[in-house]
Amino acid sequence: MTLLSGSLAADFGGTTDAVVALHGVKVHYPVKEGVLQRVTGQVRAVDGVDLSGPRGQTLGLVGESGCGKTTLGRVIAGLVAPTGGDIWVDVDATQHSEIERLRGVATEDRSPEDQASWKSLESNHRLGSMSRDKQSRYRRNCQVVFQDAFSSLNPRQLVRDIVGRPLRVHKEASGEDLDRRVIELLERVGLDSQHLLRFPHQFSGGQRQRISIARALALNPEFVILDEPTSALDVSVQAQILNLLVDLQKDLGLTYLFITHDLGVVQHMSDRIAVMYLGQIAEYGPTADVFNSPLHPYSRILRDSNPTLEDSLDTVKWDLSGTVPNPVNPPQGCRLHPRCPVARAECGWSIDDVLTDAERNTPVVFETISRVERKSDFRATVSFSEPEQAKKFAKRIGSLAAHEALEQPIRLDDKLVEVSFNEVSEAQLQQLKDGRWSSCTRTQNLGALPEL
Amino acid sequence: MARSDDWLLRVDDLSVHFESSKGVAHAVDHVSFDIYPHETLALVGETGCGKSVTARSILRLVPEPPGSYASGSISLRNGDGSVTEILTATERTVRSIRGDRISMIFQDPGKALNPGLTIGRQLAEVFGEHRMSMILGNAGFDPEKPSRTATKIVQQRAGLLERGVYRLTHLRAPKALQKSIDDSVMQALADTGIPNPRKILGSYPHELSGGMKQRVMIAQALACDPDLLIADEPTTALDVTIQARILDLIHEMQQRRGMAILYITHDLSLVRQFADRVAVMYAGRLAEIGPSAGVLASPQHPYTQGLLAAIPRPATPRGQLAAIPGTVPQLIDPPPQCHFASRCSFAASACHQVTPQLLTIADKHDVSCHRFDTASRIDVSPQDMPSAATLGGVASS
């Protein structure tokens with residue numbers, strides 16, 4: 001199957017410009033150990049993400065806890081500096097194709113015109129190298145509503161101070177004018193002037209989230225990052241807040257990045273969704289398409305696991321095995337492969353996968369393993385106490401792993417089995433159809449989700 | 001309200017009050033329901049509706065004070081047909097029921113497991129408390145005439161002795177005894193699908209993932225084959241993929257062992273898949289109770305209707321979720337009225353003056369609403385309603 005070219009950062013969802021476009025954004029946190037606090041590894045919270053926030057639309061970001069969705073939201077808001085990659089702000093399609101073109105040219109190969117063009121793009125649009133002035137404008141323009149309205153509102157401040165603070169900090173209003181503006185904002189979110197002089201603890205969870213939204217709207221932003229805005233609320237109140245958010249988007253032309261783990265909510269709210277797994281985007285596409293015909297096993301599993309009031313579309317439910325791997329040392333190849341129900345050896349098997357498979361599916365064989373001598377993560381000699389079991393083990397790997405996945409054919413020598421896999425490059429997000437992206441290598445080859 | 005007699009647990013007119021500086025909070029207000037053997041009853045409601053307090057009352061776990069059981073009874077039917085009154089039983093009787101006949105799994109497995117004990121030791125406690133003779137028997141002792149030392153050692157291994165006491169009896173456990181304990185614990189763990197249980201016997205809770213901790217809790221709760229399992233939001237703290245696996249596990253264990261489950265949740269979409277019957281609570285009272293298919297397909301109480309309409313579905317146009325206006329009322333000294341009246345679009349004057357009672361409207365389907373008959377919503381005048389006195393003195397509470 002032929003794959004369309006380009007990167008996801010250029011997918012503007014039908015509009016011509018994006019409030020923000022991400023190119024290979026990475027956030028790695030160092031792991032320190034010992035008395036000397038030496039850095040022994042990196043937690044790859046976000047590991048090479050391309051994404052764009054199409055103006056006036058809602059982009060949903062879903063994933064389980066620890067997949068890096070909140071960190072990604074914070075990077076986009078400018079609260080966390082990325083350790084790699086670029087964040088472009090307010091770019092239209094022509095500027096973006098220029099960025100794409102220049103990124104393809106190595107810095108030393110660029111012509112003087114190219115260099116000048118890159119420089120002007122960087123100083124005007126790249127978060128981190130923009131002028132202070134522009135940076136501050138972006139911060140005003142991009143606001144965040146946090147998950148927990150209990151801890152994101154200062155308990156010792158009055159509502160007037162909480163909602164009015166952005167206006168004061170940016171010297172937008174003061175005195176009576178400030179009060180008037182705050183009351184306007186409160187009315188916008190369904191509160192009124194009688195709430196002006198109260199403390200956060202005097203409000204219910206839903207009202208507190210309204211205050212958070214009012215604060216986020218104080219500076220007339222174009223772009224609002226909603227980080228699990230309703231996950232601490234009851235359904236009846238959640239419905240009120242979601243309706244409010246949709247009304248505000250219609251009235252003010254807002255762009256939303258909606259971060260959540262709740263698939264029902266994201267399906268209701270978003271135009272497009274990006275499904276994240278272990279710091280990377282697994283699938284991206286229009287919401288209805290991703291739900292109706294997922295192109296990545298992980299999206300399919302998420303959908304199937306999500307309890308709904310309707311009957312599910314497919315009768316066979318896909319299930320995820322095992323637990324989330326350590327993001328310090330993510331699996332090679334496709335990051336989902338150790339847990340994926342349709343994974344094949346070519347998805348990036350290593351010695352660990354063979355042993356896990358043996359433990360799970362052929363416990364009798366696994367019991368007789370006496371020694372595993374590793375030459376690398378992909379090459380090892382496994383010794384058995386009985387030659388019969390060694391034969392079974394070799395046979396099973398032979399049936400699971402296609403020849404392309406093996407560096408050398410499996411060698412069986414009485415009680416010893418020698419296995420060596422090819423190292424596989426990391427799975428890349430590719431456009432399969434118009435606007436549908438998936439990072440599953442098997443789906444990319446087949447053009448559709450593989451059968452279970 | 002029609003109630004048949006083959007119940008396992010009967011909650012009758014239960015009220016639980018909490019003293020606070022502002023007044024008496026009626027957390028649970030005249031709630032009655034039965035749980036039958038082998039069934040799953042879901043208790044659904046929003047934050048603060050009293051569902052967890054109801055569940056804890058069944059094990060008499062509400063702290064007194066500030067809590068108090070203001071009215072009602074909870075009865076558990078024993079194997080021989082006799083009935084134990086949980087609220088009036090001795091502490092010793094209740095202790096023998098907890099973890100043996102009725103057990104509970106809690107919302108956050110991270111908080112419900114003791115961080116200072118290994119998994120093996122934590123699970124040994126259940127066996128030491130309820131299955132002493134089995135442990136001794138498996139170790140080759142005579143369960144009829146157990147040796148005092150052996151009993152003490154098991155109790156010590158299970159963390160059931162005060163520190164000072166077990167110092168005196170600090171003897172080396174005979175290998176057979178320790179093996180008997182470990183075997184029972186490993187069997188319980190293996191039943192919940194934990195691969196290689198021996199590996200986690202010596203682990204501490206923080207070393208396990210959330211899903212694994214919840215499995216350990218389930219193993220602990222099911223160790224003694226309870227008749228009733230109370231699951232208090234068992235998956236709220238977990239991711240969806242793990243939630244599905246844990247719920248499947250609970251369901252499978254129910255199939256295998258035939259216990260009844262009281263499943264407490266705020267998520268109506270889980271009810272459809274896992275419960276035979278559902279009871280909806282609002283502000284301390286039962287709003288509606290009935291077979292889950294029936295209640296979800298044609299909810300009769302306006303609150304249940306609102307709750308279902310508020311869940312985002314693929315078909316709902318964006319921004320047009322039917323939100324329930326307003327917020328939950330204060331539970332402190334509530335007046336005699338329908339608690340939902342202030343948020344209800346069908347409320348009539350009677351709803352603000354008289355507490356509605358549960359009425360059977362269909363087969364095993366009860367609703368507490370003056371105006372449940374949605375087909376003909378005629379105004380009911382207060383004169384037509386039964387007076388508060390004939391309603392069993394609800395108004396005076």
# chains A, B, ... in the order shown; residues from 1 in each chain; ligands from 1
$ interface_residues --of "chain B" --to "chain A" --cutoff "10 Å" --atoms "only C-alpha atoms" --output "PyMOL selection string"
chain B and resi 45-47+195-196+209-212+238-245+266-273+296-297+303+306-328
$ select_by_dssp --residues "range 267-335 of chain B" --states "strand (DSSP E or B)" --output "mmCIF file with all heavy atoms, in the first residue's frame"
data_model
loop_
_atom_site.group_PDB
_atom_site.id
_atom_site.type_symbol
_atom_site.label_atom_id
_atom_site.label_comp_id
_atom_site.auth_asym_id
_atom_site.auth_seq_id
_atom_site.Cartn_x
_atom_site.Cartn_y
_atom_site.Cartn_z
ATOM 1 N N ARG B 277 -29.906 -6.136 38.642
ATOM 2 C CA ARG B 277 -30.849 -5.107 39.073
ATOM 3 C C ARG B 277 -30.075 -3.850 39.415
ATOM 4 O O ARG B 277 -28.883 -3.902 39.709
ATOM 5 C CB ARG B 277 -31.609 -5.589 40.315
ATOM 6 C CG ARG B 277 -32.614 -6.704 40.002
ATOM 7 C CD ARG B 277 -33.563 -6.882 41.164
ATOM 8 N NE ARG B 277 -32.857 -7.127 42.414
ATOM 9 C CZ ARG B 277 -33.212 -6.607 43.577
ATOM 10 N NH1 ARG B 277 -34.258 -5.809 43.666
ATOM 11 N NH2 ARG B 277 -32.522 -6.875 44.675
ATOM 12 N N VAL B 278 -30.767 -2.736 39.382
ATOM 13 C CA VAL B 278 -30.106 -1.483 39.707
ATOM 14 C C VAL B 278 -30.974 -0.679 40.662
ATOM 15 O O VAL B 278 -32.196 -0.660 40.546
ATOM 16 C CB VAL B 278 -29.770 -0.669 38.419
ATOM 17 C CG1 VAL B 278 -31.003 -0.423 37.588
ATOM 18 C CG2 VAL B 278 -29.101 0.657 38.754
ATOM 19 N N ALA B 279 -30.313 -0.064 41.663
ATOM 20 C CA ALA B 279 -31.004 0.839 42.578
ATOM 21 C C ALA B 279 -30.363 2.210 42.418
ATOM 22 O O ALA B 279 -29.149 2.338 42.504
ATOM 23 C CB ALA B 279 -30.853 0.355 44.021
ATOM 24 N N VAL B 280 -31.176 3.211 42.118
ATOM 25 C CA VAL B 280 -30.646 4.560 41.924
ATOM 26 C C VAL B 280 -30.907 5.360 43.189
ATOM 27 O O VAL B 280 -32.040 5.422 43.673
ATOM 28 C CB VAL B 280 -31.313 5.250 40.716
ATOM 29 C CG1 VAL B 280 -30.727 6.633 40.498
ATOM 30 C CG2 VAL B 280 -31.150 4.398 39.469
ATOM 31 N N MET B 281 -29.862 5.955 43.737
ATOM 32 C CA MET B 281 -30.019 6.757 44.960
ATOM 33 C C MET B 281 -29.869 8.223 44.646
ATOM 34 O O MET B 281 -29.078 8.618 43.795
ATOM 35 C CB MET B 281 -28.972 6.355 45.997
ATOM 36 C CG MET B 281 -29.355 5.143 46.810
ATOM 37 S SD MET B 281 -28.178 4.837 48.132
ATOM 38 C CE MET B 281 -28.832 5.879 49.427
ATOM 39 N N TYR B 282 -30.622 9.041 45.350
ATOM 40 C CA TYR B 282 -30.459 10.489 45.221
ATOM 41 C C TYR B 282 -30.629 11.120 46.589
ATOM 42 O O TYR B 282 -31.640 10.888 47.247
ATOM 43 C CB TYR B 282 -31.466 11.065 44.224
ATOM 44 C CG TYR B 282 -31.277 12.546 44.005
ATOM 45 C CD1 TYR B 282 -30.234 12.994 43.206
ATOM 46 C CD2 TYR B 282 -32.100 13.478 44.618
ATOM 47 C CE1 TYR B 282 -30.024 14.342 43.021
ATOM 48 C CE2 TYR B 282 -31.895 14.835 44.436
ATOM 49 C CZ TYR B 282 -30.854 15.262 43.628
ATOM 50 O OH TYR B 282 -30.632 16.599 43.444
ATOM 51 N N ARG B 285 -31.819 8.949 49.489
ATOM 52 C CA ARG B 285 -33.006 8.099 49.347
ATOM 53 C C ARG B 285 -32.939 7.296 48.060
ATOM 54 O O ARG B 285 -32.264 7.673 47.113
ATOM 55 C CB ARG B 285 -34.266 8.968 49.293
ATOM 56 C CG ARG B 285 -34.527 9.659 50.603
ATOM 57 C CD ARG B 285 -35.865 10.347 50.538
ATOM 58 N NE ARG B 285 -36.019 11.210 51.705
ATOM 59 C CZ ARG B 285 -36.683 12.352 51.680
ATOM 60 N NH1 ARG B 285 -37.250 12.772 50.560
ATOM 61 N NH2 ARG B 285 -36.791 13.065 52.762
ATOM 62 N N LEU B 286 -33.701 6.193 48.047
ATOM 63 C CA LEU B 286 -33.805 5.415 46.823
ATOM 64 C C LEU B 286 -34.780 6.123 45.888
ATOM 65 O O LEU B 286 -35.891 6.452 46.280
ATOM 66 C CB LEU B 286 -34.353 4.022 47.126
ATOM 67 C CG LEU B 286 -33.373 2.916 47.489
ATOM 68 C CD1 LEU B 286 -34.107 1.594 47.524
ATOM 69 C CD2 LEU B 286 -32.241 2.858 46.501
ATOM 70 N N ALA B 287 -34.350 6.368 44.666
ATOM 71 C CA ALA B 287 -35.245 6.989 43.705
ATOM 72 C C ALA B 287 -35.976 5.922 42.906
ATOM 73 O O ALA B 287 -37.154 6.048 42.616
ATOM 74 C CB ALA B 287 -34.465 7.898 42.773
ATOM 75 N N GLU B 288 -35.227 4.877 42.547
ATOM 76 C CA GLU B 288 -35.803 3.881 41.667
ATOM 77 C C GLU B 288 -35.029 2.589 41.840
ATOM 78 O O GLU B 288 -33.811 2.612 42.027
ATOM 79 C CB GLU B 288 -35.684 4.377 40.220
ATOM 80 C CG GLU B 288 -36.331 3.485 39.187
ATOM 81 C CD GLU B 288 -36.509 4.199 37.845
ATOM 82 O OE1 GLU B 288 -36.058 5.359 37.724
ATOM 83 O OE2 GLU B 288 -37.087 3.599 36.941
ATOM 84 N N ILE B 289 -35.734 1.472 41.796
ATOM 85 C CA ILE B 289 -35.044 0.185 41.857
ATOM 86 C C ILE B 289 -35.778 -0.787 40.950
ATOM 87 O O ILE B 289 -37.001 -0.787 40.892
ATOM 88 C CB ILE B 289 -34.953 -0.339 43.316
ATOM 89 C CG1 ILE B 289 -34.217 -1.671 43.375
ATOM 90 C CG2 ILE B 289 -36.313 -0.455 43.974
ATOM 91 C CD1 ILE B 289 -33.819 -2.072 44.788
ATOM 92 N N GLY B 290 -35.021 -1.558 40.185
ATOM 93 C CA GLY B 290 -35.661 -2.496 39.270
ATOM 94 C C GLY B 290 -34.642 -3.249 38.447
ATOM 95 O O GLY B 290 -33.446 -3.027 38.586
ATOM 96 N N PRO B 291 -35.093 -4.140 37.560
ATOM 97 C CA PRO B 291 -34.175 -4.884 36.692
ATOM 98 C C PRO B 291 -33.399 -3.904 35.819
ATOM 99 O O PRO B 291 -33.979 -2.941 35.299
ATOM 100 C CB PRO B 291 -35.128 -5.730 35.827
ATOM 101 C CG PRO B 291 -36.444 -5.691 36.510
ATOM 102 C CD PRO B 291 -36.502 -4.444 37.297
ATOM 103 N N ILE B 332 -28.676 18.333 55.385
ATOM 104 C CA ILE B 332 -28.828 18.634 56.804
ATOM 105 C C ILE B 332 -30.277 18.988 57.117
ATOM 106 O O ILE B 332 -30.849 19.908 56.518
ATOM 107 C CB ILE B 332 -27.863 19.766 57.200
ATOM 108 C CG1 ILE B 332 -26.437 19.210 57.123
ATOM 109 C CG2 ILE B 332 -28.159 20.294 58.583
ATOM 110 C CD1 ILE B 332 -25.369 20.219 57.166
#
$ residues_around --residues "Gln332 in chain A" --least-positions-apart "4" --cutoff "9 Å" --atoms "only C-alpha atoms" --output "MDAnalysis selection string"
chainID A and resid 337 347:350 423:427
$ residues_around --residues "Asp92 in chain A" --least-positions-apart "2" --cutoff "10 Å" --atoms "only C-alpha atoms" --output "list of chain:residue names"
A:Ala10, A:Phe12, A:Thr15, A:Thr16, A:Asp17, A:Ala18, A:Val19, A:Val20, A:Ala21, A:Pro54, A:Arg55, A:Val89, A:Asp90, A:Thr94, A:Gln95, A:His96, A:Ser97
$ atom_distance --atom1 "CA of Phe150 in chain A" --atom2 "CA of Asp227 in chain A"
14.0 Å
$ residues_around --residues "Phe274 in chain B" --least-positions-apart "6" --cutoff "10 Å" --atoms "only C-alpha atoms" --output "number ranges by chain"
B: 40-42, 247-248, 250-251, 261, 263, 292
$ write_last_selection --atoms "N, CA, C and O atoms" --output "PDB file, in the first residue's frame"
ATOM      1  N   THR B  40     -26.459  -9.676  40.998  1.00  0.00           N
ATOM      2  CA  THR B  40     -25.673  -8.464  41.119  1.00  0.00           C
ATOM      3  C   THR B  40     -26.636  -7.292  41.195  1.00  0.00           C
ATOM      4  O   THR B  40     -27.426  -7.078  40.280  1.00  0.00           O
ATOM      5  N   LEU B  41     -26.563  -6.579  42.305  1.00  0.00           N
ATOM      6  CA  LEU B  41     -27.383  -5.376  42.446  1.00  0.00           C
ATOM      7  C   LEU B  41     -26.439  -4.190  42.365  1.00  0.00           C
ATOM      8  O   LEU B  41     -25.451  -4.112  43.093  1.00  0.00           O
ATOM      9  N   ALA B  42     -26.723  -3.264  41.453  1.00  0.00           N
ATOM     10  CA  ALA B  42     -25.892  -2.069  41.346  1.00  0.00           C
ATOM     11  C   ALA B  42     -26.557  -0.945  42.125  1.00  0.00           C
ATOM     12  O   ALA B  42     -27.764  -0.755  42.028  1.00  0.00           O
ATOM     13  N   LEU B 247     -13.384  -5.963  35.830  1.00  0.00           N
ATOM     14  CA  LEU B 247     -14.812  -6.259  35.872  1.00  0.00           C
ATOM     15  C   LEU B 247     -15.093  -7.659  35.342  1.00  0.00           C
ATOM     16  O   LEU B 247     -15.916  -8.394  35.887  1.00  0.00           O
ATOM     17  N   ASP B 248     -14.374  -8.034  34.273  1.00  0.00           N
ATOM     18  CA  ASP B 248     -14.527  -9.394  33.753  1.00  0.00           C
ATOM     19  C   ASP B 248     -14.146 -10.414  34.824  1.00  0.00           C
ATOM     20  O   ASP B 248     -14.806 -11.438  34.977  1.00  0.00           O
ATOM     21  N   ILE B 250     -14.248 -10.052  38.139  1.00  0.00           N
ATOM     22  CA  ILE B 250     -15.265 -10.124  39.191  1.00  0.00           C
ATOM     23  C   ILE B 250     -16.455 -10.942  38.701  1.00  0.00           C
ATOM     24  O   ILE B 250     -16.990 -11.797  39.402  1.00  0.00           O
ATOM     25  N   HIS B 251     -16.826 -10.686  37.449  1.00  0.00           N
ATOM     26  CA  HIS B 251     -17.958 -11.393  36.858  1.00  0.00           C
ATOM     27  C   HIS B 251     -17.680 -12.903  36.789  1.00  0.00           C
ATOM     28  O   HIS B 251     -18.533 -13.721  37.138  1.00  0.00           O
ATOM     29  N   ILE B 261     -23.446  -9.895  44.517  1.00  0.00           N
ATOM     30  CA  ILE B 261     -22.581  -8.727  44.495  1.00  0.00           C
ATOM     31  C   ILE B 261     -23.432  -7.474  44.668  1.00  0.00           C
ATOM     32  O   ILE B 261     -24.466  -7.318  44.025  1.00  0.00           O
ATOM     33  N   TYR B 263     -22.863  -3.848  43.834  1.00  0.00           N
ATOM     34  CA  TYR B 263     -21.883  -3.131  43.028  1.00  0.00           C
ATOM     35  C   TYR B 263     -22.193  -1.641  43.083  1.00  0.00           C
ATOM     36  O   TYR B 263     -23.230  -1.198  42.591  1.00  0.00           O
ATOM     37  N   SER B 292     -32.081  -4.117  35.652  1.00  0.00           N
ATOM     38  CA  SER B 292     -31.289  -3.066  35.007  1.00  0.00           C
ATOM     39  C   SER B 292     -31.712  -2.820  33.574  1.00  0.00           C
ATOM     40  O   SER B 292     -31.746  -1.671  33.126  1.00  0.00           O
TER      41      SER B 292
END
$ select_by_dssp --residues "range 122-204 of chain A" --states "helix (DSSP H, G or I)" --output "ChimeraX atom specification"
/A:122-125,132-141,159-169,175-188,193-195,200-202
$ residues_around --residues "Gly193 in chain B" --least-positions-apart "4" --cutoff "10 Å" --atoms "only C-alpha atoms" --output "count of residues only"
8
$ residues_around --residues "Gln337 in chain B" --least-positions-apart "4" --cutoff "8 Å" --atoms "only C-alpha atoms" --output "PyMOL selection string"
chain B and resi 341+350-356
$ write_last_selection --atoms "all heavy atoms" --output "JSON list (two decimals), in the first residue's frame"
[["chain", "number", "residue", "atom", "x", "y", "z"],
["B", 341, "ALA", "N", -37.23, 17.57, 43.88],
["B", 341, "ALA", "CA", -38.24, 18.51, 43.38],
["B", 341, "ALA", "C", -37.65, 19.80, 42.82],
["B", 341, "ALA", "O", -38.10, 20.29, 41.78],
["B", 341, "ALA", "CB", -39.23, 18.81, 44.49],
["B", 350, "ALA", "N", -47.29, 19.02, 45.34],
["B", 350, "ALA", "CA", -47.17, 17.90, 46.27],
["B", 350, "ALA", "C", -45.71, 17.50, 46.47],
["B", 350, "ALA", "O", -45.30, 17.11, 47.57],
["B", 350, "ALA", "CB", -47.96, 16.71, 45.75],
["B", 351, "CYS", "N", -44.93, 17.61, 45.41],
["B", 351, "CYS", "CA", -43.53, 17.19, 45.47],
["B", 351, "CYS", "C", -42.76, 18.00, 46.50],
["B", 351, "CYS", "O", -41.75, 17.56, 47.01],
["B", 351, "CYS", "CB", -42.89, 17.31, 44.11],
["B", 351, "CYS", "SG", -43.74, 16.37, 42.84],
["B", 352, "HIS", "N", -43.20, 19.23, 46.76],
["B", 352, "HIS", "CA", -42.48, 20.09, 47.70],
["B", 352, "HIS", "C", -42.96, 19.92, 49.12],
["B", 352, "HIS", "O", -42.45, 20.55, 50.02],
["B", 352, "HIS", "CB", -42.63, 21.56, 47.28],
["B", 352, "HIS", "CG", -41.92, 21.87, 46.00],
["B", 352, "HIS", "ND1", -40.56, 22.04, 45.92],
["B", 352, "HIS", "CD2", -42.39, 21.99, 44.74],
["B", 352, "HIS", "CE1", -40.22, 22.26, 44.66],
["B", 352, "HIS", "NE2", -41.31, 22.24, 43.91],
["B", 353, "GLN", "N", -44.02, 19.11, 49.32],
["B", 353, "GLN", "CA", -44.60, 19.02, 50.66],
["B", 353, "GLN", "C", -44.58, 17.61, 51.24],
["B", 353, "GLN", "O", -44.56, 17.46, 52.45],
["B", 353, "GLN", "CB", -46.05, 19.52, 50.62],
["B", 353, "GLN", "CG", -46.09, 21.02, 50.44],
["B", 353, "GLN", "CD", -47.45, 21.49, 49.95],
["B", 353, "GLN", "OE1", -48.44, 20.80, 50.10],
["B", 353, "GLN", "NE2", -47.48, 22.68, 49.37],
["B", 354, "VAL", "N", -44.61, 16.61, 50.39],
["B", 354, "VAL", "CA", -44.73, 15.24, 50.89],
["B", 354, "VAL", "C", -43.57, 14.40, 50.38],
["B", 354, "VAL", "O", -43.21, 14.49, 49.21],
["B", 354, "VAL", "CB", -46.06, 14.61, 50.43],
["B", 354, "VAL", "CG1", -46.24, 13.23, 51.05],
["B", 354, "VAL", "CG2", -47.22, 15.51, 50.78],
["B", 355, "THR", "N", -42.98, 13.60, 51.26],
["B", 355, "THR", "CA", -41.93, 12.69, 50.85],
["B", 355, "THR", "C", -42.52, 11.54, 50.06],
["B", 355, "THR", "O", -43.41, 10.86, 50.56],
["B", 355, "THR", "CB", -41.21, 12.14, 52.08],
["B", 355, "THR", "OG1", -40.80, 13.22, 52.90],
["B", 355, "THR", "CG2", -40.00, 11.32, 51.69],
["B", 356, "PRO", "N", -42.08, 11.31, 48.85],
["B", 356, "PRO", "CA", -42.65, 10.19, 48.08],
["B", 356, "PRO", "C", -42.17, 8.85, 48.62],
["B", 356, "PRO", "O", -41.07, 8.74, 49.16],
["B", 356, "PRO", "CB", -42.15, 10.43, 46.66],
["B", 356, "PRO", "CG", -40.91, 11.25, 46.83],
["B", 356, "PRO", "CD", -41.06, 12.04, 48.08]]
$ atom_distance --atom1 "CA of Ala214 in chain A" --atom2 "CA of Gln57 in chain A"
19.9 Å
$ closest_residue --among "A:Thr368, A:Ser385, A:Ser52, A:Asn445" --to "Ser7 in chain A" --atoms "only C-alpha atoms"
A:Ser52
$ decode --residues "range 27-40 of chain B" --atoms "N, CA, C and O atoms" --output "PDB file, in the first residue's frame"
ATOM      1  N   ALA B  27     -27.565  11.214  55.853  1.00  0.00           N
ATOM      2  CA  ALA B  27     -26.803  10.655  54.740  1.00  0.00           C
ATOM      3  C   ALA B  27     -27.575   9.533  54.048  1.00  0.00           C
ATOM      4  O   ALA B  27     -27.573   9.436  52.830  1.00  0.00           O
ATOM      5  N   VAL B  28     -28.212   8.682  54.858  1.00  0.00           N
ATOM      6  CA  VAL B  28     -29.066   7.642  54.296  1.00  0.00           C
ATOM      7  C   VAL B  28     -30.420   7.799  54.972  1.00  0.00           C
ATOM      8  O   VAL B  28     -30.500   7.914  56.189  1.00  0.00           O
ATOM      9  N   ASP B  29     -31.474   7.849  54.187  1.00  0.00           N
ATOM     10  CA  ASP B  29     -32.759   8.283  54.685  1.00  0.00           C
ATOM     11  C   ASP B  29     -33.845   7.259  54.328  1.00  0.00           C
ATOM     12  O   ASP B  29     -34.386   7.287  53.233  1.00  0.00           O
ATOM     13  N   HIS B  30     -34.134   6.360  55.243  1.00  0.00           N
ATOM     14  CA  HIS B  30     -35.199   5.369  55.051  1.00  0.00           C
ATOM     15  C   HIS B  30     -35.035   4.574  53.759  1.00  0.00           C
ATOM     16  O   HIS B  30     -35.892   4.624  52.877  1.00  0.00           O
ATOM     17  N   VAL B  31     -33.921   3.886  53.662  1.00  0.00           N
ATOM     18  CA  VAL B  31     -33.640   3.095  52.468  1.00  0.00           C
ATOM     19  C   VAL B  31     -33.946   1.623  52.738  1.00  0.00           C
ATOM     20  O   VAL B  31     -33.550   1.089  53.772  1.00  0.00           O
ATOM     21  N   SER B  32     -34.674   0.986  51.824  1.00  0.00           N
ATOM     22  CA  SER B  32     -34.968  -0.440  51.941  1.00  0.00           C
ATOM     23  C   SER B  32     -34.687  -1.125  50.620  1.00  0.00           C
ATOM     24  O   SER B  32     -35.075  -0.622  49.568  1.00  0.00           O
ATOM     25  N   PHE B  33     -33.978  -2.233  50.687  1.00  0.00           N
ATOM     26  CA  PHE B  33     -33.851  -3.079  49.496  1.00  0.00           C
ATOM     27  C   PHE B  33     -33.384  -4.461  49.925  1.00  0.00           C
ATOM     28  O   PHE B  33     -32.912  -4.642  51.052  1.00  0.00           O
ATOM     29  N   ASP B  34     -33.571  -5.433  49.039  1.00  0.00           N
ATOM     30  CA  ASP B  34     -33.123  -6.798  49.315  1.00  0.00           C
ATOM     31  C   ASP B  34     -32.035  -7.167  48.327  1.00  0.00           C
ATOM     32  O   ASP B  34     -32.006  -6.658  47.210  1.00  0.00           O
ATOM     33  N   ILE B  35     -31.147  -8.040  48.745  1.00  0.00           N
ATOM     34  CA  ILE B  35     -30.203  -8.628  47.803  1.00  0.00           C
ATOM     35  C   ILE B  35     -30.468 -10.125  47.826  1.00  0.00           C
ATOM     36  O   ILE B  35     -30.531 -10.731  48.898  1.00  0.00           O
ATOM     37  N   TYR B  36     -30.645 -10.711  46.640  1.00  0.00           N
ATOM     38  CA  TYR B  36     -30.938 -12.138  46.536  1.00  0.00           C
ATOM     39  C   TYR B  36     -29.652 -12.898  46.251  1.00  0.00           C
ATOM     40  O   TYR B  36     -28.697 -12.331  45.714  1.00  0.00           O
ATOM     41  N   PRO B  37     -29.617 -14.184  46.564  1.00  0.00           N
ATOM     42  CA  PRO B  37     -28.403 -14.961  46.311  1.00  0.00           C
ATOM     43  C   PRO B  37     -28.051 -14.948  44.825  1.00  0.00           C
ATOM     44  O   PRO B  37     -28.950 -14.948  43.977  1.00  0.00           O
ATOM     45  N   HIS B  38     -26.784 -14.945  44.520  1.00  0.00           N
ATOM     46  CA  HIS B  38     -26.214 -15.049  43.157  1.00  0.00           C
ATOM     47  C   HIS B  38     -26.493 -13.858  42.249  1.00  0.00           C
ATOM     48  O   HIS B  38     -26.119 -13.879  41.090  1.00  0.00           O
ATOM     49  N   GLU B  39     -27.175 -12.834  42.722  1.00  0.00           N
ATOM     50  CA  GLU B  39     -27.470 -11.733  41.797  1.00  0.00           C
ATOM     51  C   GLU B  39     -26.466 -10.594  41.970  1.00  0.00           C
ATOM     52  O   GLU B  39     -25.701 -10.539  42.929  1.00  0.00           O
ATOM     53  N   THR B  40     -26.459  -9.676  40.998  1.00  0.00           N
ATOM     54  CA  THR B  40     -25.673  -8.464  41.119  1.00  0.00           C
ATOM     55  C   THR B  40     -26.636  -7.292  41.195  1.00  0.00           C
ATOM     56  O   THR B  40     -27.426  -7.078  40.280  1.00  0.00           O
TER      57      THR B  40
END
